[in-house]
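> Provided herewith: target38.pdb, PDB, C-alpha atoms and all ligand atoms.
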```
ATOM      1  CA  MET A   1      14.639 -12.197  -5.682  1.00  0.00           C
ATOM      2  CA  ASN A   2      17.578 -14.146  -7.085  1.00  0.00           C
ATOM      3  CA  LYS A   3      18.098 -16.237 -10.209  1.00  0.00           C
ATOM      4  CA  LEU A   4      16.713 -19.321  -8.465  1.00  0.00           C
ATOM      5  CA  THR A   5      13.261 -17.781  -8.513  1.00  0.00           C
ATOM      6  CA  LEU A   6      12.061 -18.888 -11.940  1.00  0.00           C
ATOM      7  CA  PRO A   7      13.137 -22.551 -11.806  1.00  0.00           C
ATOM      8  CA  LEU A   8      11.663 -22.932  -8.324  1.00  0.00           C
ATOM      9  CA  VAL A   9       8.386 -21.329  -9.349  1.00  0.00           C
ATOM     10  CA  SER A  10       8.306 -23.614 -12.401  1.00  0.00           C
ATOM     11  CA  ILE A  11       8.859 -26.680 -10.234  1.00  0.00           C
ATOM     12  CA  PHE A  12       6.048 -25.600  -7.964  1.00  0.00           C
ATOM     13  CA  SER A  13       3.764 -24.972 -10.952  1.00  0.00           C
ATOM     14  CA  ILE A  14       4.357 -28.503 -12.157  1.00  0.00           C
ATOM     15  CA  ILE A  15       3.463 -29.847  -8.726  1.00  0.00           C
ATOM     16  CA  THR A  16       0.346 -27.675  -8.718  1.00  0.00           C
ATOM     17  CA  LEU A  17      -0.634 -28.888 -12.186  1.00  0.00           C
ATOM     18  CA  ALA A  18      -0.174 -32.501 -11.202  1.00  0.00           C
ATOM     19  CA  SER A  19      -2.448 -32.142  -8.208  1.00  0.00           C
ATOM     20  CA  CYS A  20      -5.372 -30.440  -9.954  1.00  0.00           C
ATOM     21  CA  GLY A  21      -8.556 -32.230 -10.873  1.00  0.00           C
ATOM     22  CA  ASP A  22     -12.080 -31.428 -11.975  1.00  0.00           C
ATOM     23  CA  GLN A  23     -15.502 -31.696 -10.454  1.00  0.00           C
ATOM     24  CA  LYS A  24     -19.064 -31.059 -11.503  1.00  0.00           C
ATOM     25  CA  LYS A  25     -20.324 -27.625 -10.576  1.00  0.00           C
ATOM     26  CA  ALA A  26     -22.550 -27.695  -7.510  1.00  0.00           C
ATOM     27  CA  GLU A  27     -26.193 -26.906  -8.173  1.00  0.00           C
ATOM     28  CA  THR A  28     -27.980 -24.307  -6.129  1.00  0.00           C
ATOM     29  CA  THR A  29     -31.459 -24.926  -4.806  1.00  0.00           C
ATOM     30  CA  LYS A  30     -32.241 -21.257  -4.121  1.00  0.00           C
ATOM     31  CA  VAL A  31     -35.225 -19.612  -5.773  1.00  0.00           C
ATOM     32  CA  GLU A  32     -34.360 -17.353  -8.708  1.00  0.00           C
ATOM     33  CA  PRO A  33     -33.962 -13.854  -7.167  1.00  0.00           C
ATOM     34  CA  GLN A  34     -31.872 -15.225  -4.295  1.00  0.00           C
ATOM     35  CA  LYS A  35     -29.792 -17.286  -6.686  1.00  0.00           C
ATOM     36  CA  GLU A  36     -28.793 -14.170  -8.608  1.00  0.00           C
ATOM     37  CA  LEU A  37     -27.928 -12.387  -5.384  1.00  0.00           C
ATOM     38  CA  VAL A  38     -25.825 -15.281  -4.107  1.00  0.00           C
ATOM     39  CA  GLU A  39     -23.993 -15.782  -7.383  1.00  0.00           C
ATOM     40  CA  GLU A  40     -22.944 -12.136  -7.455  1.00  0.00           C
ATOM     41  CA  LYS A  41     -21.032 -12.690  -4.213  1.00  0.00           C
ATOM     42  CA  VAL A  42     -19.360 -15.946  -5.217  1.00  0.00           C
ATOM     43  CA  ILE A  43     -15.614 -15.566  -5.765  1.00  0.00           C
ATOM     44  CA  LYS A  44     -14.540 -17.286  -8.972  1.00  0.00           C
ATOM     45  CA  SER A  45     -11.118 -15.710  -9.499  1.00  0.00           C
ATOM     46  CA  ILE A  46      -7.831 -16.360  -7.736  1.00  0.00           C
ATOM     47  CA  LEU A  47      -5.068 -13.983  -6.672  1.00  0.00           C
ATOM     48  CA  THR A  48      -2.919 -12.843  -9.594  1.00  0.00           C
ATOM     49  CA  ALA A  49       0.744 -11.821  -9.655  1.00  0.00           C
ATOM     50  CA  GLU A  50      -0.320  -8.211 -10.178  1.00  0.00           C
ATOM     51  CA  GLU A  51      -2.684  -8.248  -7.202  1.00  0.00           C
ATOM     52  CA  GLN A  52      -0.012  -9.840  -5.026  1.00  0.00           C
ATOM     53  CA  ALA A  53       2.551  -7.230  -6.127  1.00  0.00           C
ATOM     54  CA  GLU A  54       0.226  -4.299  -5.416  1.00  0.00           C
ATOM     55  CA  MET A  55      -0.553  -5.203  -1.792  1.00  0.00           C
ATOM     56  CA  THR A  56       1.626  -3.914   1.040  1.00  0.00           C
ATOM     57  CA  PRO A  57       2.229  -6.112   4.108  1.00  0.00           C
ATOM     58  CA  GLN A  58       0.090  -3.713   6.154  1.00  0.00           C
ATOM     59  CA  GLU A  59      -2.791  -3.962   3.672  1.00  0.00           C
ATOM     60  CA  ILE A  60      -2.585  -7.748   3.754  1.00  0.00           C
ATOM     61  CA  ILE A  61      -2.853  -7.809   7.544  1.00  0.00           C
ATOM     62  CA  GLY A  62      -5.838  -5.446   7.264  1.00  0.00           C
ATOM     63  CA  ARG A  63      -7.528  -7.837   4.819  1.00  0.00           C
ATOM     64  CA  LEU A  64      -6.820 -10.832   7.038  1.00  0.00           C
ATOM     65  CA  LYS A  65      -8.386  -9.005   9.983  1.00  0.00           C
ATOM     66  CA  LYS A  66     -11.433  -8.162   7.868  1.00  0.00           C
ATOM     67  CA  GLY A  67     -11.678 -11.810   6.765  1.00  0.00           C
ATOM     68  CA  ASN A  68     -11.503 -12.888  10.397  1.00  0.00           C
ATOM     69  CA  GLU A  69     -14.392 -10.503  11.159  1.00  0.00           C
ATOM     70  CA  ASN A  70     -16.433 -12.362   8.529  1.00  0.00           C
ATOM     71  CA  PHE A  71     -15.569 -15.662  10.222  1.00  0.00           C
ATOM     72  CA  VAL A  72     -16.487 -14.335  13.670  1.00  0.00           C
ATOM     73  CA  ASN A  73     -19.817 -13.117  12.273  1.00  0.00           C
ATOM     74  CA  ASN A  74     -20.480 -16.451  10.522  1.00  0.00           C
ATOM     75  CA  ASN A  75     -20.484 -14.614   7.209  1.00  0.00           C
ATOM     76  CA  LEU A  76     -17.942 -16.482   5.093  1.00  0.00           C
ATOM     77  CA  THR A  77     -17.544 -15.574   1.435  1.00  0.00           C
ATOM     78  CA  GLN A  78     -18.846 -18.154  -1.010  1.00  0.00           C
ATOM     79  CA  ARG A  79     -16.344 -19.568  -3.464  1.00  0.00           C
ATOM     80  CA  ASP A  80     -16.643 -21.530  -6.680  1.00  0.00           C
ATOM     81  CA  HIS A  81     -13.922 -24.051  -5.891  1.00  0.00           C
ATOM     82  CA  SER A  82     -14.159 -25.833  -9.243  1.00  0.00           C
ATOM     83  CA  GLU A  83     -13.646 -22.577 -11.117  1.00  0.00           C
ATOM     84  CA  GLN A  84     -10.883 -21.426  -8.757  1.00  0.00           C
ATOM     85  CA  ARG A  85      -9.101 -24.744  -9.041  1.00  0.00           C
ATOM     86  CA  ARG A  86      -9.075 -24.514 -12.819  1.00  0.00           C
ATOM     87  CA  LYS A  87      -7.743 -20.943 -12.729  1.00  0.00           C
ATOM     88  CA  SER A  88      -5.081 -21.806 -10.153  1.00  0.00           C
ATOM     89  CA  MET A  89      -3.433 -24.214 -12.612  1.00  0.00           C
ATOM     90  CA  ILE A  90      -1.418 -21.299 -14.055  1.00  0.00           C
ATOM     91  CA  GLY A  91       0.407 -20.721 -10.764  1.00  0.00           C
ATOM     92  CA  GLN A  92      -0.032 -19.299  -7.289  1.00  0.00           C
ATOM     93  CA  TYR A  93       0.465 -15.874  -5.766  1.00  0.00           C
ATOM     94  CA  PRO A  94      -0.574 -16.204  -2.089  1.00  0.00           C
ATOM     95  CA  LYS A  95      -0.389 -13.115   0.092  1.00  0.00           C
ATOM     96  CA  ALA A  96       0.799 -14.720   3.350  1.00  0.00           C
ATOM     97  CA  ILE A  97       2.070 -17.815   5.085  1.00  0.00           C
ATOM     98  CA  VAL A  98       0.462 -18.855   8.350  1.00  0.00           C
ATOM     99  CA  LEU A  99       2.175 -21.183  10.817  1.00  0.00           C
ATOM    100  CA  SER A 100      -0.531 -22.851  12.868  1.00  0.00           C
ATOM    101  CA  CYS A 101      -0.814 -25.696  15.365  1.00  0.00           C
ATOM    102  CA  VAL A 102      -2.175 -28.956  13.907  1.00  0.00           C
ATOM    103  CA  ASP A 103      -5.288 -28.661  16.097  1.00  0.00           C
ATOM    104  CA  SER A 104      -8.383 -29.804  14.180  1.00  0.00           C
ATOM    105  CA  ARG A 105     -10.401 -26.963  15.696  1.00  0.00           C
ATOM    106  CA  VAL A 106      -8.344 -24.307  13.916  1.00  0.00           C
ATOM    107  CA  PRO A 107      -9.431 -24.260  10.242  1.00  0.00           C
ATOM    108  CA  VAL A 108      -6.865 -21.712   9.065  1.00  0.00           C
ATOM    109  CA  GLU A 109      -8.337 -20.714   5.683  1.00  0.00           C
ATOM    110  CA  ASP A 110     -11.829 -20.381   7.166  1.00  0.00           C
ATOM    111  CA  VAL A 111     -10.542 -18.371  10.114  1.00  0.00           C
ATOM    112  CA  PHE A 112      -9.402 -15.677   7.642  1.00  0.00           C
ATOM    113  CA  ASP A 113     -12.274 -16.228   5.160  1.00  0.00           C
ATOM    114  CA  LEU A 114      -9.828 -17.343   2.480  1.00  0.00           C
ATOM    115  CA  GLY A 115      -9.685 -20.139  -0.077  1.00  0.00           C
ATOM    116  CA  ILE A 116      -7.704 -21.619  -2.948  1.00  0.00           C
ATOM    117  CA  GLY A 117      -4.511 -19.726  -3.792  1.00  0.00           C
ATOM    118  CA  ASP A 118      -4.829 -17.194  -0.972  1.00  0.00           C
ATOM    119  CA  ILE A 119      -2.352 -18.338   1.686  1.00  0.00           C
ATOM    120  CA  PHE A 120       0.328 -20.896   2.440  1.00  0.00           C
ATOM    121  CA  VAL A 121      -0.325 -22.866   5.629  1.00  0.00           C
ATOM    122  CA  ALA A 122       2.402 -24.622   7.631  1.00  0.00           C
ATOM    123  CA  ARG A 123       1.264 -26.723  10.569  1.00  0.00           C
ATOM    124  CA  VAL A 124       3.030 -28.374  13.464  1.00  0.00           C
ATOM    125  CA  ALA A 125       1.796 -29.111  16.978  1.00  0.00           C
ATOM    126  CA  GLY A 126       2.470 -26.076  19.159  1.00  0.00           C
ATOM    127  CA  ASN A 127       3.308 -23.873  16.122  1.00  0.00           C
ATOM    128  CA  ILE A 128       7.050 -23.975  16.777  1.00  0.00           C
ATOM    129  CA  GLU A 129       9.680 -23.294  14.130  1.00  0.00           C
ATOM    130  CA  ASN A 130      12.213 -25.784  12.786  1.00  0.00           C
ATOM    131  CA  PRO A 131      14.464 -25.791   9.682  1.00  0.00           C
ATOM    132  CA  ASP A 132      11.739 -27.259   7.441  1.00  0.00           C
ATOM    133  CA  ILE A 133       9.186 -24.697   8.574  1.00  0.00           C
ATOM    134  CA  VAL A 134      11.646 -21.805   8.144  1.00  0.00           C
ATOM    135  CA  GLY A 135      12.588 -23.168   4.719  1.00  0.00           C
ATOM    136  CA  SER A 136       8.903 -23.203   3.776  1.00  0.00           C
ATOM    137  CA  MET A 137       8.632 -19.579   4.895  1.00  0.00           C
ATOM    138  CA  GLU A 138      11.666 -18.599   2.822  1.00  0.00           C
ATOM    139  CA  PHE A 139      10.043 -20.273  -0.183  1.00  0.00           C
ATOM    140  CA  ALA A 140       6.670 -18.576   0.471  1.00  0.00           C
ATOM    141  CA  THR A 141       8.191 -15.105   0.696  1.00  0.00           C
ATOM    142  CA  ALA A 142      11.495 -14.860  -1.193  1.00  0.00           C
ATOM    143  CA  VAL A 143      10.423 -17.180  -4.012  1.00  0.00           C
ATOM    144  CA  ALA A 144       6.619 -17.078  -4.215  1.00  0.00           C
ATOM    145  CA  GLY A 145       6.114 -13.428  -3.222  1.00  0.00           C
ATOM    146  CA  SER A 146       4.051 -13.621  -0.025  1.00  0.00           C
ATOM    147  CA  LYS A 147       4.532 -10.563   2.168  1.00  0.00           C
ATOM    148  CA  VAL A 148       3.283 -11.599   5.584  1.00  0.00           C
ATOM    149  CA  VAL A 149       4.391 -14.383   7.941  1.00  0.00           C
ATOM    150  CA  ILE A 150       1.977 -15.108  10.784  1.00  0.00           C
ATOM    151  CA  VAL A 151       2.703 -17.430  13.694  1.00  0.00           C
ATOM    152  CA  MET A 152      -0.736 -18.247  15.054  1.00  0.00           C
ATOM    153  CA  GLY A 153      -1.131 -19.987  18.397  1.00  0.00           C
ATOM    154  CA  HIS A 154      -4.549 -20.866  19.755  1.00  0.00           C
ATOM    155  CA  THR A 155      -6.317 -21.064  23.091  1.00  0.00           C
ATOM    156  CA  ALA A 156      -6.691 -24.490  24.722  1.00  0.00           C
ATOM    157  CA  CYS A 157      -3.585 -25.760  22.876  1.00  0.00           C
ATOM    158  CA  GLY A 158      -2.936 -29.352  23.953  1.00  0.00           C
ATOM    159  CA  ALA A 159       0.753 -29.197  22.995  1.00  0.00           C
ATOM    160  CA  VAL A 160       1.348 -26.106  25.118  1.00  0.00           C
ATOM    161  CA  LYS A 161      -0.661 -27.576  28.006  1.00  0.00           C
ATOM    162  CA  SER A 162       1.447 -30.749  27.855  1.00  0.00           C
ATOM    163  CA  ALA A 163       4.649 -28.686  27.949  1.00  0.00           C
ATOM    164  CA  ILE A 164       3.333 -26.709  30.930  1.00  0.00           C
ATOM    165  CA  ASP A 165       2.458 -29.908  32.799  1.00  0.00           C
ATOM    166  CA  GLN A 166       5.825 -31.449  31.855  1.00  0.00           C
ATOM    167  CA  VAL A 167       4.238 -34.530  30.333  1.00  0.00           C
ATOM    168  CA  ASP A 168       6.956 -37.182  30.061  1.00  0.00           C
ATOM    169  CA  ALA A 169       6.428 -38.327  26.483  1.00  0.00           C
ATOM    170  CA  LYS A 170       9.733 -40.210  26.534  1.00  0.00           C
ATOM    171  CA  ALA A 171       8.400 -42.484  29.256  1.00  0.00           C
ATOM    172  CA  LEU A 172       5.440 -43.172  26.966  1.00  0.00           C
ATOM    173  CA  ASN A 173       7.850 -44.207  24.206  1.00  0.00           C
ATOM    174  CA  MET A 174       7.252 -41.066  22.132  1.00  0.00           C
ATOM    175  CA  GLU A 175      10.687 -39.532  21.806  1.00  0.00           C
ATOM    176  CA  SER A 176       9.763 -37.272  18.918  1.00  0.00           C
ATOM    177  CA  LEU A 177       6.855 -35.817  20.837  1.00  0.00           C
ATOM    178  CA  ALA A 178       9.197 -35.302  23.801  1.00  0.00           C
ATOM    179  CA  ASP A 179      11.558 -33.340  21.516  1.00  0.00           C
ATOM    180  CA  LEU A 180       8.661 -31.230  20.291  1.00  0.00           C
ATOM    181  CA  LEU A 181       7.518 -30.425  23.832  1.00  0.00           C
ATOM    182  CA  ASP A 182      11.112 -29.452  24.678  1.00  0.00           C
ATOM    183  CA  GLU A 183      10.812 -26.763  21.993  1.00  0.00           C
ATOM    184  CA  ILE A 184       7.838 -25.238  23.823  1.00  0.00           C
ATOM    185  CA  GLU A 185       9.433 -25.466  27.291  1.00  0.00           C
ATOM    186  CA  PRO A 186      11.403 -22.165  27.050  1.00  0.00           C
ATOM    187  CA  ALA A 187       8.122 -20.286  26.543  1.00  0.00           C
ATOM    188  CA  VAL A 188       6.800 -21.923  29.715  1.00  0.00           C
ATOM    189  CA  ASN A 189       9.918 -21.014  31.679  1.00  0.00           C
ATOM    190  CA  GLU A 190       9.963 -17.388  30.603  1.00  0.00           C
ATOM    191  CA  THR A 191       6.307 -16.789  31.484  1.00  0.00           C
ATOM    192  CA  GLU A 192       6.077 -14.949  34.778  1.00  0.00           C
ATOM    193  CA  LEU A 193       2.651 -14.896  36.359  1.00  0.00           C
ATOM    194  CA  GLU A 194       1.251 -15.176  39.844  1.00  0.00           C
ATOM    195  CA  GLY A 195      -0.492 -18.422  40.732  1.00  0.00           C
ATOM    196  CA  GLU A 196      -0.206 -22.074  39.887  1.00  0.00           C
ATOM    197  CA  ARG A 197       2.129 -22.958  37.024  1.00  0.00           C
ATOM    198  CA  SER A 198      -0.098 -25.678  35.581  1.00  0.00           C
ATOM    199  CA  SER A 199      -2.534 -25.985  32.678  1.00  0.00           C
ATOM    200  CA  LYS A 200      -5.361 -25.723  35.220  1.00  0.00           C
ATOM    201  CA  ASN A 201      -4.449 -22.042  35.550  1.00  0.00           C
ATOM    202  CA  LEU A 202      -6.158 -20.516  32.495  1.00  0.00           C
ATOM    203  CA  ASP A 203      -4.415 -17.122  32.736  1.00  0.00           C
ATOM    204  CA  PHE A 204      -1.011 -18.774  32.959  1.00  0.00           C
ATOM    205  CA  THR A 205      -1.791 -21.145  30.087  1.00  0.00           C
ATOM    206  CA  ASN A 206      -2.990 -18.297  27.867  1.00  0.00           C
ATOM    207  CA  SER A 207       0.148 -16.297  28.665  1.00  0.00           C
ATOM    208  CA  VAL A 208       2.355 -19.230  27.697  1.00  0.00           C
ATOM    209  CA  ILE A 209       0.359 -19.725  24.468  1.00  0.00           C
ATOM    210  CA  ASN A 210       0.957 -16.089  23.549  1.00  0.00           C
ATOM    211  CA  ASN A 211       4.606 -16.116  24.618  1.00  0.00           C
ATOM    212  CA  ASN A 212       5.179 -19.282  22.597  1.00  0.00           C
ATOM    213  CA  ALA A 213       3.920 -17.546  19.434  1.00  0.00           C
ATOM    214  CA  VAL A 214       6.011 -14.436  20.153  1.00  0.00           C
ATOM    215  CA  ARG A 215       9.048 -16.591  20.846  1.00  0.00           C
ATOM    216  CA  THR A 216       8.565 -18.513  17.591  1.00  0.00           C
ATOM    217  CA  VAL A 217       8.623 -15.222  15.657  1.00  0.00           C
ATOM    218  CA  LYS A 218      11.896 -14.306  17.403  1.00  0.00           C
ATOM    219  CA  ASN A 219      13.346 -17.728  16.561  1.00  0.00           C
ATOM    220  CA  ILE A 220      12.333 -17.388  12.905  1.00  0.00           C
ATOM    221  CA  ARG A 221      14.146 -14.047  12.636  1.00  0.00           C
ATOM    222  CA  GLU A 222      17.271 -15.585  14.161  1.00  0.00           C
ATOM    223  CA  ALA A 223      17.080 -18.742  12.039  1.00  0.00           C
ATOM    224  CA  SER A 224      16.687 -16.965   8.704  1.00  0.00           C
ATOM    225  CA  PRO A 225      18.868 -13.985   7.772  1.00  0.00           C
ATOM    226  CA  THR A 226      16.849 -13.791   4.530  1.00  0.00           C
ATOM    227  CA  LEU A 227      13.512 -13.368   6.319  1.00  0.00           C
ATOM    228  CA  ALA A 228      15.039 -10.945   8.852  1.00  0.00           C
ATOM    229  CA  LYS A 229      16.512  -8.838   6.042  1.00  0.00           C
ATOM    230  CA  MET A 230      13.252  -8.777   4.077  1.00  0.00           C
ATOM    231  CA  GLU A 231      11.481  -7.640   7.233  1.00  0.00           C
ATOM    232  CA  ASP A 232      14.095  -4.962   8.017  1.00  0.00           C
ATOM    233  CA  GLU A 233      13.701  -3.597   4.496  1.00  0.00           C
ATOM    234  CA  GLY A 234       9.926  -3.438   4.885  1.00  0.00           C
ATOM    235  CA  ASN A 235       9.220  -6.024   2.200  1.00  0.00           C
ATOM    236  CA  ILE A 236       7.518  -8.455   4.576  1.00  0.00           C
ATOM    237  CA  MET A 237       6.055  -8.439   8.087  1.00  0.00           C
ATOM    238  CA  ILE A 238       6.507 -11.291  10.591  1.00  0.00           C
ATOM    239  CA  VAL A 239       3.856 -11.195  13.308  1.00  0.00           C
ATOM    240  CA  SER A 240       2.413 -13.389  16.037  1.00  0.00           C
ATOM    241  CA  ALA A 241      -1.232 -13.876  16.900  1.00  0.00           C
ATOM    242  CA  VAL A 242      -3.490 -16.092  18.976  1.00  0.00           C
ATOM    243  CA  TYR A 243      -6.754 -17.594  17.729  1.00  0.00           C
ATOM    244  CA  ASP A 244      -9.435 -17.556  20.402  1.00  0.00           C
ATOM    245  CA  MET A 245     -11.312 -20.811  19.993  1.00  0.00           C
ATOM    246  CA  GLU A 246     -14.429 -19.535  21.740  1.00  0.00           C
ATOM    247  CA  SER A 247     -14.963 -16.253  19.880  1.00  0.00           C
ATOM    248  CA  GLY A 248     -13.243 -17.209  16.629  1.00  0.00           C
ATOM    249  CA  ARG A 249     -11.254 -13.989  16.819  1.00  0.00           C
ATOM    250  CA  VAL A 250      -7.558 -13.767  15.918  1.00  0.00           C
ATOM    251  CA  ASN A 251      -5.792 -11.344  18.247  1.00  0.00           C
ATOM    252  CA  PHE A 252      -2.616  -9.983  16.674  1.00  0.00           C
ATOM    253  CA  ASN A 253       0.398  -8.971  18.767  1.00  0.00           C
ATOM    254  CA  LYS A 254       2.283  -5.806  17.981  1.00  0.00           C
ATOM    255  CA  ASP A 255       5.707  -7.350  17.602  1.00  0.00           C
TER     256      ASP A 255
HETATM  257 ZN    ZN B   1      -2.441 -26.639  19.610  1.00  0.00          ZN
END
```
Is it possible to give me this structure as structure tokens?
Ligand SMILES: [Zn+2]

Amino acid sequence: MNKLTLPLVSIFSIITLASCGDQKKAETTKVEPQKELVEEKVIKSILTAEEQAEMTPQEIIGRLKKGNENFVNNNLTQRDHSEQRRKSMIGQYPKAIVLSCVDSRVPVEDVFDLGIGDIFVARVAGNIENPDIVGSMEFATAVAGSKVVIVMGHTACGAVKSAIDQVDAKALNMESLADLLDEIEPAVNETELEGERSSKNLDFTNSVINNNAVRTVKNIREASPTLAKMEDEGNIMIVSAVYDMESGRVNFNKD
């Protein structure tokens, strides 16, 4: 970390402080014995600097996988958001940053059974990288101490399907969307698979979705010498994954 660390963290703390509010504690309607049982499992704390410092990137990925198991099994951890929000006013020490598509069917925190203060989430249709996204990742890791960067694509991704089918967004007067789809096009072109090269071909589409996430990781390493160096030195891990909308499972690639 360099000398910029403290001022930047302070700026972020001020932003965090400004955005915090309060809310009445939710009442439980459970009968007494169950209430005690439930309350024991409710998370009221948030990640501390010490906890963040102690975890290795490998341990963090292990915890994210375990959290995803909870999501798959419909067994999400209960959290006292009011209490966590109050505690998070002192700062934030998230363990990872996840780059996801904007798709409304991919609730990133829930997918990993996480809550306030646990992860940074960057979202853009098709989970591609750009300077703002890479800058956010540099902030999350080099400044705020996160140790894992995950690029998470998802099955049935509309952005990827549109790129595969070469939707002409420009003709529809959406130049920015056309630019975005152009960013996904290389992943389409480099996907070699037998059969029809259209979004009707599920195997092809899923291959492109995975290749797009892998390619984004490669682009991030090339775009940020800082992230690449941190990864080379073993201080962070940058990985790709695909969220399976049907099962809820996040399948990590070994890249
Ligand atoms: Zn998508």
> Using all atoms listed in the file, which residues have at least one atom no more than 12 Å from ligand ZN 1 (chain B)? Output them as an NGL selection string.
:A and (99-107 or 123-128 or 152-163 or 181 or 184 or 205-206 or 208-210 or 212-213 or 242-245)
> Taking (5.1, -14.0, -3.4) in the file's coordinates, which residues come within 12 Å, counting all atoms listed in the file, written as a PDB file with C-alpha atoms, keeping the file's coordinate frame?

```pdb
ATOM      1  CA  MET A   1      14.639 -12.197  -5.682  1.00  0.00           C
ATOM      2  CA  THR A   5      13.261 -17.781  -8.513  1.00  0.00           C
ATOM      3  CA  VAL A   9       8.386 -21.329  -9.349  1.00  0.00           C
ATOM      4  CA  LEU A  47      -5.068 -13.983  -6.672  1.00  0.00           C
ATOM      5  CA  THR A  48      -2.919 -12.843  -9.594  1.00  0.00           C
ATOM      6  CA  ALA A  49       0.744 -11.821  -9.655  1.00  0.00           C
ATOM      7  CA  GLU A  50      -0.320  -8.211 -10.178  1.00  0.00           C
ATOM      8  CA  GLU A  51      -2.684  -8.248  -7.202  1.00  0.00           C
ATOM      9  CA  GLN A  52      -0.012  -9.840  -5.026  1.00  0.00           C
ATOM     10  CA  ALA A  53       2.551  -7.230  -6.127  1.00  0.00           C
ATOM     11  CA  GLU A  54       0.226  -4.299  -5.416  1.00  0.00           C
ATOM     12  CA  MET A  55      -0.553  -5.203  -1.792  1.00  0.00           C
ATOM     13  CA  THR A  56       1.626  -3.914   1.040  1.00  0.00           C
ATOM     14  CA  PRO A  57       2.229  -6.112   4.108  1.00  0.00           C
ATOM     15  CA  GLY A  91       0.407 -20.721 -10.764  1.00  0.00           C
ATOM     16  CA  GLN A  92      -0.032 -19.299  -7.289  1.00  0.00           C
ATOM     17  CA  TYR A  93       0.465 -15.874  -5.766  1.00  0.00           C
ATOM     18  CA  PRO A  94      -0.574 -16.204  -2.089  1.00  0.00           C
ATOM     19  CA  LYS A  95      -0.389 -13.115   0.092  1.00  0.00           C
ATOM     20  CA  ALA A  96       0.799 -14.720   3.350  1.00  0.00           C
ATOM     21  CA  ILE A  97       2.070 -17.815   5.085  1.00  0.00           C
ATOM     22  CA  GLY A 117      -4.511 -19.726  -3.792  1.00  0.00           C
ATOM     23  CA  ASP A 118      -4.829 -17.194  -0.972  1.00  0.00           C
ATOM     24  CA  ILE A 119      -2.352 -18.338   1.686  1.00  0.00           C
ATOM     25  CA  PHE A 120       0.328 -20.896   2.440  1.00  0.00           C
ATOM     26  CA  MET A 137       8.632 -19.579   4.895  1.00  0.00           C
ATOM     27  CA  GLU A 138      11.666 -18.599   2.822  1.00  0.00           C
ATOM     28  CA  PHE A 139      10.043 -20.273  -0.183  1.00  0.00           C
ATOM     29  CA  ALA A 140       6.670 -18.576   0.471  1.00  0.00           C
ATOM     30  CA  THR A 141       8.191 -15.105   0.696  1.00  0.00           C
ATOM     31  CA  ALA A 142      11.495 -14.860  -1.193  1.00  0.00           C
ATOM     32  CA  VAL A 143      10.423 -17.180  -4.012  1.00  0.00           C
ATOM     33  CA  ALA A 144       6.619 -17.078  -4.215  1.00  0.00           C
ATOM     34  CA  GLY A 145       6.114 -13.428  -3.222  1.00  0.00           C
ATOM     35  CA  SER A 146       4.051 -13.621  -0.025  1.00  0.00           C
ATOM     36  CA  LYS A 147       4.532 -10.563   2.168  1.00  0.00           C
ATOM     37  CA  VAL A 148       3.283 -11.599   5.584  1.00  0.00           C
ATOM     38  CA  VAL A 149       4.391 -14.383   7.941  1.00  0.00           C
ATOM     39  CA  ASN A 235       9.220  -6.024   2.200  1.00  0.00           C
ATOM     40  CA  ILE A 236       7.518  -8.455   4.576  1.00  0.00           C
TER      41      ILE A 236
END
```
> Take the PyMOL selection byres (((chain A and resi 71-88) around 7) and not hetatm), run it mentally on this structure, and tell me the resulting residues as a ChimeraX atom specification.
/A:20,22-23,25,41-46,67-70,89-92,110-113,116-117,247-249
> Interatomic distance between atom CA of Arg221 of chain A and atom CA of Glu233 of chain A?
13.3 Å
> If you take every atom of segment 162-173 of chain A that the file lists and fit an axis-aligned box around them with 4 Å extra on each side, what centre and edge lengths come out in Å to one decimal, as JSON?

```
{"center_x": 5.6, "center_y": -35.5, "center_z": 28.5, "size_x": 16.3, "size_y": 25.5, "size_z": 16.6}
```
> Distance atom CA of Ala223 of chain A-atom CA of Val239 of chain A, one decimal place?
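A separation of 15.3 Å between them.
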> Work out how far apart atom CA of Ser198 of chain A and atom CA of Glu183 of chain A are and give it in Å to one decimal.
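Here the two named atoms are 17.5 Å from each other.
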> Would you list the contacts of Ser240 of chain A as a list in words, taking every protein, DNA or RNA residue within 8 Å and counting only C-alpha atoms, but skipping same-chain residues closer than 5 positions in sequence?
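In the requested form, the answer reads Ile150, Val151, Met152, Gly153, Ala213, Val214, Val217, Phe252, Asn253, Lys254 and Asp255 of chain A.
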> Which residue, A:Ala187, A:Ser136, A:Val108, A:Ser199, has the smallest gap to Asn219 of chain A when you use all atoms listed in the file?
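Distance minimum relative to Asn219 of chain A lands on A:Ala187.
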